[in-house]
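Peer 1: I have a structure I would like to understand better, so I am pasting it below and will then ask my questions one at a time.
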Number of protein chains: 2
Amino acid sequence: MSRAEQLREVFAECGIGAALEVVGERWSFLILRGAFNGLRHFEEFQTNLGIARNILSNRLGRLVEHGILRRDPDPADRRKVTYRLTEKGKDLLPVLLSLRQWGERWISGHPSNPVLVDRYTRKPIAPMMVQSADGRELSLRDMEWVDRDDLQREADAA
Amino acid sequence: MSRAEQLREVFAECGIGAALEVVGERWSFLILRGAFNGLRHFEEFQTNLGIARNILSNRLGRLVEHGILRRDPDPADRRKVTYRLTEKGKDLLPVLLSLRQWGERWISGHPSNPVLVDRYTRKPIAPMMVQSADGRELSLRDMEWVDRDDLQREADAA
DNA sequence: TCCTTTCAGTTGCGATATGCAACCTAATAG
DNA sequence: CTATTAGGTTGCATATCGCAACTGAAAGGA
């Protein structure tokens, strides 16, 4: 087994590793943030993020390969290519927002721009938090890591 | 200021960029996952993750530097060093869980081990989701990116 | 038509980061 | 007093990154 394959296996054994295999590179999150903010074209990403063109090309390719972005030619201008989020990509929003809120709280110290608001109430979205199955907010003290099989046995015993 | 310059500034100030400065490297998330799962010592991280020793040393140092882990000598055995999450570190849990749930859903296709449960009800935590200020679940269609100042003006006008 | 600009990349090359194995020092165990 | 453990550091090879320059196809303009 090659080193790369070994690494893939380590990463794949948990959802975090599996996710990082796809979006773990330094620029991927920023490209996704751009996509969520409406960037669609190569030049838009390049000028707005200040990313090197070859890296951008590589990352966009990877994100497309992994089904996070869709790459379509623009029918109106055949030079242009449109990148947009797939469902799989859109589903990364909680990750992006958690990361952003953490950065605002602990690093930059202030909310950043633009703000994501509820379209109807015009109020900013709530902070991301961990909740119980019935919707109570949980802190780390209220939670416990349990082996999946042990949990199953607990349930069977009850 | 040009539109490109404006946007570049926006991204530089964005919480995501700030967060990635600190936890954006390839192994950082996996080290944090280990910490959340109870790993405390250098050798534990090393054998558990299979990370190169020099990289682990470097990453632990960086996480300590940024106040995400605390490094304490073990009073019982002075060879040992204990790394544990600070409040700032613990507050990364929503990021880790969002990432993990996404990976489970879209990549590995199944829930991973161990499971994080509500200590009292013994039920797995809920999926991370974006919510309005009053707790409704929001999908991307229900939200809108708004410039902070525009939002303020909207509020003033009302 | 011919010339220029735009768009989406690719290529070459040097700088940086990463992975691996071996080594080191202090503390503890036997 | 020797072996082992913990937590690193060092040297070296490879992989990835960032920058600048270049390419090639497609518009746009005179």
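By order of appearance in the structure tokens: chains A, B, ..., then residues from 1 within every chain, and ligands from 1 in the order shown.
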Computed after least-squares fitting of chain A to chain B on all C-alpha atoms in order, what is the RMSD in Å?

Peer 2: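 3.8 Å is the C-alpha RMSD between the two chains.
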
Peer 1: Select residues of chain B: the criterion is any atom within 9 Å of an atom of chain C, counting only C-alpha atoms (C1' of nucleotides); output as a list in words.

Peer 2: Ile51, Ala52, Ile55, Asp77, Arg78 and Arg79 of chain B

Peer 1: Up to 8 Å from chain A, what residues of chain D turn up? Count only C-alpha atoms (C1' of nucleotides) and give them as a ChimeraX atom specification.

Peer 2: /D:17-19,25-27

Peer 1: Those same residues, written as a compact mmCIF listing (two decimals), in the first residue's frame with C-alpha atoms (C1' of nucleotides)?

Peer 2:
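Below is the file that was written, selection_11.txt:
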```txt
# COMPACT_ATOMS: atom_id res chain seq x y z
C1' DC D 17 2.90 26.46 -3.45
C1' DG D 18 3.29 31.09 -5.23
C1' DC D 19 4.76 34.19 -8.77
C1' DA D 25 -9.53 30.54 -28.19
C1' DA D 26 -13.20 33.84 -28.39
C1' DA D 27 -15.19 38.59 -28.42
```

Peer 1: How far is it from atom CA of Leu63 of chain A to atom CA of Pro114 of chain A, in Å with one decimal?

Peer 2: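 That distance, rounded to one decimal, is 23.9 Å.
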
Peer 1: Once you count only C-alpha atoms, what closest atom pair and distance in Å to one decimal does each residue of chain A within 7 Å of chain B have, with rows by chain and rising residue number, as a tab-separated table?

Peer 2:
```
residue	atom	partner	partner_atom	distance
A:Ala12	CA	B:Ser108	CA	6.8
A:Cys14	CA	B:Ser112	CA	5.3
A:Gly15	CA	B:Gly103	CA	4.2
A:Ile16	CA	B:Arg100	CA	4.2
A:Ala18	CA	B:Gly103	CA	5.4
A:Ala19	CA	B:Gly103	CA	4.5
A:Gly24	CA	B:Arg26	CA	6.1
A:Glu25	CA	B:Arg26	CA	6.6
A:Arg26	CA	B:Gly24	CA	5.7
A:Thr47	CA	B:Ala4	CA	6.5
A:Asn48	CA	B:Arg8	CA	5.2
A:Leu49	CA	B:Arg8	CA	6.1
A:Lys88	CA	B:Trp106	CA	6.9
A:Leu92	CA	B:Trp102	CA	6.8
A:Pro94	CA	B:Ser98	CA	6.0
A:Val95	CA	B:Ser98	CA	5.0
A:Ser98	CA	B:Val95	CA	5.0
A:Leu99	CA	B:Val95	CA	5.6
A:Arg100	CA	B:Ile16	CA	4.3
A:Gln101	CA	B:Gly15	CA	6.4
A:Trp102	CA	B:Leu92	CA	6.8
A:Gly103	CA	B:Gly15	CA	4.2
A:Glu104	CA	B:Gly15	CA	4.7
A:Trp106	CA	B:Lys88	CA	6.8
A:Ile107	CA	B:Ala18	CA	6.1
A:Ser108	CA	B:Ala18	CA	6.4
A:Ser112	CA	B:Cys14	CA	5.3
A:Asn113	CA	B:Arg148	CA	5.9
A:Pro114	CA	B:Asp147	CA	4.5
A:Val115	CA	B:Val146	CA	5.2
A:Leu116	CA	B:Trp145	CA	4.5
A:Val117	CA	B:Glu144	CA	5.4
A:Asp118	CA	B:Met143	CA	4.7
A:Arg119	CA	B:Met143	CA	4.7
A:Lys123	CA	B:Ala133	CA	6.8
A:Pro124	CA	B:Ala133	CA	6.8
A:Ile125	CA	B:Ser132	CA	4.7
A:Ala126	CA	B:Ala133	CA	4.6
A:Met128	CA	B:Val130	CA	6.6
A:Met129	CA	B:Pro94	CA	6.0
A:Val130	CA	B:Pro94	CA	6.2
A:Gln131	CA	B:Ala126	CA	5.6
A:Ser132	CA	B:Ile125	CA	4.7
A:Ala133	CA	B:Ala126	CA	4.6
A:Asp142	CA	B:Arg119	CA	5.5
A:Met143	CA	B:Asp118	CA	4.7
A:Glu144	CA	B:Val117	CA	5.4
A:Trp145	CA	B:Leu116	CA	4.6
A:Val146	CA	B:Val115	CA	5.2
A:Asp147	CA	B:Pro114	CA	4.6
A:Arg148	CA	B:Pro114	CA	5.8
```

Peer 1: Record the distance separating atom CA of Glu87 of chain B and atom CA of Leu69 of chain B, expressed in Å with one decimal.

Peer 2: 8.9 Å

Peer 1: Please return, as JSON, numbers by chain, all residues of segment 56-110 of chain A that DSSP assigns to helix (DSSP H, G or I) on the basis of the backbone.

Peer 2: {"A": [56, 57, 58, 59, 60, 61, 62, 63, 64, 65, 87, 88, 89, 90, 93, 94, 95, 96, 97, 98, 99, 100, 101, 102, 103, 104, 105, 106, 107, 108]}

Peer 1: Let's have the selection written as a compact mmCIF listing (two decimals), in the first residue's frame, with C-alpha atoms.

Peer 2:
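Listing of part18.txt after writing:
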```txt
# COMPACT_ATOMS: atom_id res chain seq x y z
CA LEU A 56 -7.00 28.37 -8.35
CA SER A 57 -7.17 26.25 -11.46
CA ASN A 58 -6.11 23.19 -9.49
CA ARG A 59 -8.55 23.81 -6.61
CA LEU A 60 -11.51 24.51 -8.85
CA GLY A 61 -10.71 21.31 -10.70
CA ARG A 62 -10.59 19.34 -7.47
CA LEU A 63 -13.83 20.82 -6.18
CA VAL A 64 -15.51 19.98 -9.47
CA GLU A 65 -14.02 16.48 -9.40
CA GLU A 87 -26.23 20.47 -3.33
CA LYS A 88 -23.20 18.77 -1.83
CA GLY A 89 -21.39 22.09 -1.92
CA LYS A 90 -24.27 24.06 -0.51
CA LEU A 93 -22.63 26.12 4.67
CA PRO A 94 -22.77 25.07 8.34
CA VAL A 95 -19.03 24.36 8.24
CA LEU A 96 -18.25 27.72 6.68
CA LEU A 97 -20.48 29.62 9.06
CA SER A 98 -19.15 27.84 12.15
CA LEU A 99 -15.63 28.64 11.08
CA ARG A 100 -16.51 32.22 10.32
CA GLN A 101 -18.29 32.80 13.60
CA TRP A 102 -15.38 31.29 15.51
CA GLY A 103 -12.93 33.53 13.65
CA GLU A 104 -15.05 36.58 14.35
CA ARG A 105 -15.35 35.73 18.01
CA TRP A 106 -11.81 34.63 18.80
CA ILE A 107 -9.51 36.13 16.14
CA SER A 108 -10.75 39.19 14.32
```

Peer 1: Step one, run DSSP on the backbone; step two, keep only residues of chain A assigned to strand (DSSP E); then write them as a PyMOL selection string.

Peer 2: chain A and resi 69-73+81-85+115-118+143-146

Peer 1: Suppose we keep C-alpha atoms; can you now write the selection as a PDB file, in the first residue's frame?

Peer 2:
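That gives us result.pdb:
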```
ATOM      1  CA  LEU A  69     -18.854  22.752  -7.715  1.00  0.00           C
ATOM      2  CA  ARG A  70     -20.408  22.313 -11.141  1.00  0.00           C
ATOM      3  CA  ARG A  71     -18.515  23.616 -14.173  1.00  0.00           C
ATOM      4  CA  ASP A  72     -20.644  24.855 -17.066  1.00  0.00           C
ATOM      5  CA  PRO A  73     -19.741  26.779 -20.204  1.00  0.00           C
ATOM      6  CA  VAL A  81     -16.956  29.143 -17.646  1.00  0.00           C
ATOM      7  CA  THR A  82     -19.415  29.205 -14.763  1.00  0.00           C
ATOM      8  CA  TYR A  83     -18.692  27.523 -11.470  1.00  0.00           C
ATOM      9  CA  ARG A  84     -21.595  27.042  -9.078  1.00  0.00           C
ATOM     10  CA  LEU A  85     -22.256  25.111  -5.905  1.00  0.00           C
ATOM     11  CA  VAL A 115     -23.906  39.457   6.894  1.00  0.00           C
ATOM     12  CA  LEU A 116     -26.128  36.455   6.277  1.00  0.00           C
ATOM     13  CA  VAL A 117     -29.675  37.417   7.234  1.00  0.00           C
ATOM     14  CA  ASP A 118     -33.068  35.780   7.316  1.00  0.00           C
ATOM     15  CA  MET A 143     -22.145  15.544  26.121  1.00  0.00           C
ATOM     16  CA  GLU A 144     -20.161  12.357  26.058  1.00  0.00           C
ATOM     17  CA  TRP A 145     -18.301  10.359  23.407  1.00  0.00           C
ATOM     18  CA  VAL A 146     -19.718   6.855  23.231  1.00  0.00           C
TER      19      VAL A 146
END
```

Peer 1: In Å to one decimal, how far is atom CA of Leu32 of chain B from atom CA of Gly34 of chain A?

Peer 2: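 Atom CA of Leu32 of chain B lies 25.9 Å from atom CA of Gly34 of chain A.
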